[in-house]
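**Q** Got a structure here, written out as structure tokens. Questions coming.
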Amino acid sequence: MTEIIINGQPVPIHFGMKAVNEFTKQQRTDFSDAITTTEAVGSIDSIVGLTVTGLNEGARKSGIFKQYTEDMVWDIFDDEPHLILEVSQIFVDSIVPLTDKLGGMSKNGRGPTTDGKKK
């Protein structure tokens with residue numbers, strides 16, 4: 001998990017499988033489109049949605065009972081626009097290892113394996 005500084009305070013942000021899944025549902029896209037960096041960080045709207053998801057997942061995983069909304073994130077970005085690039089980079093840094101792991105897996109008749117061979 002990573003932290004970003006909002007209004008001088010460290011705030012957890014996390015982009016794991018649950019966050020990617022939530023973002024995928026919000027964007028009404030499929031998983032492969034959602035995890036490509038150009039799709040996820042291709043517009044300010046998608047970065048806001050991604051940030052909401054990452055902040056909410058970071059709060060959940062940290063045991064913090066706070067829910068962020070898009071309006072809250074727009075206000076954060078108004079006050080601290082550099083966070084747009086920072087969150088985008090955190091997403092890229094988080095998602096690349098995840099996609100590398102998933103890319104090494106293939107389906108067989110009984111589900112994913114790491115070697116691609118049927119057993």
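We name chains A, B, ... following the order of the structure tokens; residues begin at 1 in each chain, and ligands are numbered from 1 as shown.
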Compile a residue-level contact table for segment 62-88 of chain A against segment 50-57 of chain A at a cut-off of 9 Å, reporting for every qualifying residue the shortest atom pair and its distance in Å to one decimal, with only C-alpha atoms counted, rows ordered by chain and ascending number, as JSON lines.

**A**
```
{"residue": "A:Ser62", "atom": "CA", "partner": "A:Glu57", "partner_atom": "CA", "distance": 8.4}
{"residue": "A:Lys66", "atom": "CA", "partner": "A:Asn56", "partner_atom": "CA", "distance": 7.2}
{"residue": "A:Gln67", "atom": "CA", "partner": "A:Asn56", "partner_atom": "CA", "distance": 5.6}
{"residue": "A:Tyr68", "atom": "CA", "partner": "A:Val52", "partner_atom": "CA", "distance": 5.7}
{"residue": "A:Thr69", "atom": "CA", "partner": "A:Val52", "partner_atom": "CA", "distance": 6.1}
{"residue": "A:Glu70", "atom": "CA", "partner": "A:Val52", "partner_atom": "CA", "distance": 6.2}
{"residue": "A:Met72", "atom": "CA", "partner": "A:Val52", "partner_atom": "CA", "distance": 8.5}
{"residue": "A:Val73", "atom": "CA", "partner": "A:Val52", "partner_atom": "CA", "distance": 6.6}
{"residue": "A:Ile84", "atom": "CA", "partner": "A:Thr51", "partner_atom": "CA", "distance": 8.6}
{"residue": "A:Val87", "atom": "CA", "partner": "A:Thr51", "partner_atom": "CA", "distance": 6.7}
{"residue": "A:Ser88", "atom": "CA", "partner": "A:Thr51", "partner_atom": "CA", "distance": 8.4}
```

**Q** Enumerate, as an MDAnalysis selection string, the complete set of residues in segment 37-70 of chain A that a backbone-based DSSP assignment places in alpha helix (DSSP H).

**A** chainID A and resid 37:40 44:62 70

**Q** Create the file for the chosen residues now, containing N, CA, C and O atoms and written as a compact mmCIF listing (two decimals), in the first residue's frame.

**A**
```
# COMPACT_ATOMS: atom_id res chain seq x y z
N THR A 37 -2.78 1.23 -18.98
CA THR A 37 -2.57 2.55 -18.41
C THR A 37 -3.19 3.65 -19.26
O THR A 37 -3.67 4.63 -18.73
N THR A 38 -3.22 3.49 -20.58
CA THR A 38 -3.81 4.53 -21.41
C THR A 38 -5.31 4.64 -21.18
O THR A 38 -5.86 5.73 -21.22
N GLU A 39 -5.97 3.53 -20.92
CA GLU A 39 -7.41 3.54 -20.65
C GLU A 39 -7.70 4.14 -19.27
O GLU A 39 -8.58 4.96 -19.11
N ALA A 40 -6.96 3.72 -18.27
CA ALA A 40 -7.23 4.13 -16.90
C ALA A 40 -6.84 5.58 -16.64
O ALA A 40 -7.51 6.26 -15.85
N ILE A 44 -9.12 13.00 -17.47
CA ILE A 44 -9.23 13.47 -16.09
C ILE A 44 -10.39 12.74 -15.39
O ILE A 44 -10.28 12.35 -14.23
N ASP A 45 -11.50 12.54 -16.11
CA ASP A 45 -12.63 11.82 -15.52
C ASP A 45 -12.23 10.43 -15.04
O ASP A 45 -12.60 10.01 -13.94
N SER A 46 -11.47 9.71 -15.86
CA SER A 46 -11.08 8.36 -15.46
C SER A 46 -10.07 8.40 -14.32
O SER A 46 -10.11 7.55 -13.43
N ILE A 47 -9.19 9.41 -14.29
CA ILE A 47 -8.24 9.53 -13.18
C ILE A 47 -8.99 9.83 -11.89
O ILE A 47 -8.65 9.30 -10.83
N VAL A 48 -10.03 10.66 -11.95
CA VAL A 48 -10.83 10.94 -10.76
C VAL A 48 -11.49 9.65 -10.27
O VAL A 48 -11.42 9.33 -9.08
N GLY A 49 -12.11 8.90 -11.17
CA GLY A 49 -12.73 7.63 -10.79
C GLY A 49 -11.72 6.66 -10.21
O GLY A 49 -11.99 5.97 -9.21
N LEU A 50 -10.57 6.59 -10.83
CA LEU A 50 -9.50 5.71 -10.36
C LEU A 50 -9.04 6.14 -8.96
O LEU A 50 -8.83 5.31 -8.08
N THR A 51 -8.92 7.44 -8.75
CA THR A 51 -8.48 7.96 -7.47
C THR A 51 -9.50 7.65 -6.37
O THR A 51 -9.12 7.23 -5.27
N VAL A 52 -10.77 7.84 -6.67
CA VAL A 52 -11.82 7.51 -5.69
C VAL A 52 -11.70 6.05 -5.29
O VAL A 52 -11.70 5.71 -4.09
N THR A 53 -11.56 5.18 -6.27
CA THR A 53 -11.45 3.75 -6.00
C THR A 53 -10.21 3.44 -5.17
O THR A 53 -10.28 2.70 -4.19
N GLY A 54 -9.07 4.00 -5.55
CA GLY A 54 -7.82 3.75 -4.82
C GLY A 54 -7.85 4.27 -3.40
O GLY A 54 -7.36 3.62 -2.47
N LEU A 55 -8.42 5.47 -3.21
CA LEU A 55 -8.52 6.03 -1.86
C LEU A 55 -9.47 5.22 -0.98
O LEU A 55 -9.19 4.95 0.19
N ASN A 56 -10.60 4.81 -1.55
CA ASN A 56 -11.56 4.00 -0.78
C ASN A 56 -10.97 2.64 -0.44
O ASN A 56 -11.16 2.15 0.68
N GLU A 57 -10.25 2.05 -1.35
CA GLU A 57 -9.63 0.75 -1.07
C GLU A 57 -8.49 0.91 -0.07
O GLU A 57 -8.31 0.06 0.81
N GLY A 58 -7.72 1.99 -0.15
CA GLY A 58 -6.67 2.25 0.83
C GLY A 58 -7.25 2.45 2.22
O GLY A 58 -6.72 1.93 3.21
N ALA A 59 -8.36 3.17 2.30
CA ALA A 59 -9.03 3.38 3.60
C ALA A 59 -9.53 2.05 4.15
O ALA A 59 -9.33 1.74 5.33
N ARG A 60 -10.17 1.25 3.29
CA ARG A 60 -10.70 -0.05 3.74
C ARG A 60 -9.60 -0.94 4.28
O ARG A 60 -9.70 -1.50 5.37
N LYS A 61 -8.51 -1.05 3.53
CA LYS A 61 -7.42 -1.92 3.94
C LYS A 61 -6.70 -1.41 5.19
O LYS A 61 -6.10 -2.19 5.91
N SER A 62 -6.79 -0.11 5.45
CA SER A 62 -6.15 0.48 6.62
C SER A 62 -7.08 0.53 7.82
O SER A 62 -6.68 1.01 8.88
N GLU A 70 -16.46 11.32 -5.91
CA GLU A 70 -15.84 12.04 -7.02
C GLU A 70 -15.75 13.54 -6.70
O GLU A 70 -14.74 14.17 -7.03
```

**Q** Counting only C-alpha atoms, which of A:Gln89, A:Leu83, A:Phe65, A:Val96 gets nearest to Ile5 of chain A?

**A**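 Among the listed residues, A:Leu83 lies closest to Ile5 of chain A.
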
**Q** For Glu80 of chain A, list every protein, DNA or RNA residue within 10 Å, evaluated using only C-alpha atoms, and leave out those in the same chain fewer than 4 positions away; present the list as a PyMOL selection string.

**A** chain A and resi 5-7+74-76+84

**Q** Output the selection as a PDB file, in the first residue's frame - all heavy atoms for each residue.

**A**
```pdb
ATOM      1  N   ILE A   5       0.083  12.478   0.059  1.00  0.00           N
ATOM      2  CA  ILE A   5      -0.089  13.567   1.015  1.00  0.00           C
ATOM      3  C   ILE A   5      -1.199  14.485   0.503  1.00  0.00           C
ATOM      4  O   ILE A   5      -1.084  15.055  -0.575  1.00  0.00           O
ATOM      5  CB  ILE A   5       1.218  14.368   1.208  1.00  0.00           C
ATOM      6  CG1 ILE A   5       2.372  13.439   1.613  1.00  0.00           C
ATOM      7  CG2 ILE A   5       1.018  15.492   2.222  1.00  0.00           C
ATOM      8  CD1 ILE A   5       2.157  12.696   2.917  1.00  0.00           C
ATOM      9  N   ILE A   6      -2.281  14.569   1.289  1.00  0.00           N
ATOM     10  CA  ILE A   6      -3.405  15.448   0.961  1.00  0.00           C
ATOM     11  C   ILE A   6      -3.552  16.431   2.108  1.00  0.00           C
ATOM     12  O   ILE A   6      -3.712  16.025   3.262  1.00  0.00           O
ATOM     13  CB  ILE A   6      -4.716  14.646   0.771  1.00  0.00           C
ATOM     14  CG1 ILE A   6      -4.568  13.637  -0.375  1.00  0.00           C
ATOM     15  CG2 ILE A   6      -5.881  15.596   0.513  1.00  0.00           C
ATOM     16  CD1 ILE A   6      -5.764  12.715  -0.538  1.00  0.00           C
ATOM     17  N   ASN A   7      -3.481  17.703   1.774  1.00  0.00           N
ATOM     18  CA  ASN A   7      -3.566  18.760   2.801  1.00  0.00           C
ATOM     19  C   ASN A   7      -2.578  18.521   3.930  1.00  0.00           C
ATOM     20  O   ASN A   7      -2.898  18.688   5.106  1.00  0.00           O
ATOM     21  CB  ASN A   7      -4.996  18.880   3.355  1.00  0.00           C
ATOM     22  CG  ASN A   7      -5.979  19.320   2.305  1.00  0.00           C
ATOM     23  OD1 ASN A   7      -5.660  20.139   1.454  1.00  0.00           O
ATOM     24  ND2 ASN A   7      -7.178  18.769   2.355  1.00  0.00           N
ATOM     25  N   TRP A  74     -12.395  15.746  -6.896  1.00  0.00           N
ATOM     26  CA  TRP A  74     -12.275  16.959  -7.713  1.00  0.00           C
ATOM     27  C   TRP A  74     -11.780  18.118  -6.841  1.00  0.00           C
ATOM     28  O   TRP A  74     -10.917  18.899  -7.272  1.00  0.00           O
ATOM     29  CB  TRP A  74     -13.608  17.324  -8.365  1.00  0.00           C
ATOM     30  CG  TRP A  74     -13.930  16.527  -9.595  1.00  0.00           C
ATOM     31  CD1 TRP A  74     -14.911  15.594  -9.734  1.00  0.00           C
ATOM     32  CD2 TRP A  74     -13.276  16.601 -10.873  1.00  0.00           C
ATOM     33  NE1 TRP A  74     -14.895  15.076 -11.012  1.00  0.00           N
ATOM     34  CE2 TRP A  74     -13.904  15.678 -11.732  1.00  0.00           C
ATOM     35  CE3 TRP A  74     -12.214  17.352 -11.366  1.00  0.00           C
ATOM     36  CZ2 TRP A  74     -13.517  15.483 -13.062  1.00  0.00           C
ATOM     37  CZ3 TRP A  74     -11.818  17.158 -12.693  1.00  0.00           C
ATOM     38  CH2 TRP A  74     -12.466  16.242 -13.520  1.00  0.00           C
ATOM     39  N   ASP A  75     -12.299  18.240  -5.628  1.00  0.00           N
ATOM     40  CA  ASP A  75     -11.853  19.304  -4.718  1.00  0.00           C
ATOM     41  C   ASP A  75     -10.380  19.132  -4.339  1.00  0.00           C
ATOM     42  O   ASP A  75      -9.633  20.112  -4.284  1.00  0.00           O
ATOM     43  CB  ASP A  75     -12.720  19.338  -3.458  1.00  0.00           C
ATOM     44  CG  ASP A  75     -14.142  19.818  -3.728  1.00  0.00           C
ATOM     45  OD1 ASP A  75     -14.388  20.415  -4.798  1.00  0.00           O
ATOM     46  OD2 ASP A  75     -15.011  19.573  -2.860  1.00  0.00           O
ATOM     47  N   ILE A  76      -9.977  17.894  -4.101  1.00  0.00           N
ATOM     48  CA  ILE A  76      -8.564  17.616  -3.791  1.00  0.00           C
ATOM     49  C   ILE A  76      -7.688  18.042  -4.958  1.00  0.00           C
ATOM     50  O   ILE A  76      -6.662  18.709  -4.778  1.00  0.00           O
ATOM     51  CB  ILE A  76      -8.360  16.121  -3.458  1.00  0.00           C
ATOM     52  CG1 ILE A  76      -9.005  15.774  -2.119  1.00  0.00           C
ATOM     53  CG2 ILE A  76      -6.870  15.761  -3.471  1.00  0.00           C
ATOM     54  CD1 ILE A  76      -9.134  14.271  -1.853  1.00  0.00           C
ATOM     55  N   ILE A  84      -2.766  14.639  -9.499  1.00  0.00           N
ATOM     56  CA  ILE A  84      -3.257  13.937 -10.697  1.00  0.00           C
ATOM     57  C   ILE A  84      -2.140  13.070 -11.264  1.00  0.00           C
ATOM     58  O   ILE A  84      -2.334  11.884 -11.542  1.00  0.00           O
ATOM     59  CB  ILE A  84      -3.764  14.937 -11.758  1.00  0.00           C
ATOM     60  CG1 ILE A  84      -4.992  15.679 -11.232  1.00  0.00           C
ATOM     61  CG2 ILE A  84      -4.071  14.226 -13.075  1.00  0.00           C
ATOM     62  CD1 ILE A  84      -5.408  16.862 -12.091  1.00  0.00           C
TER      63      ILE A  84
END
```
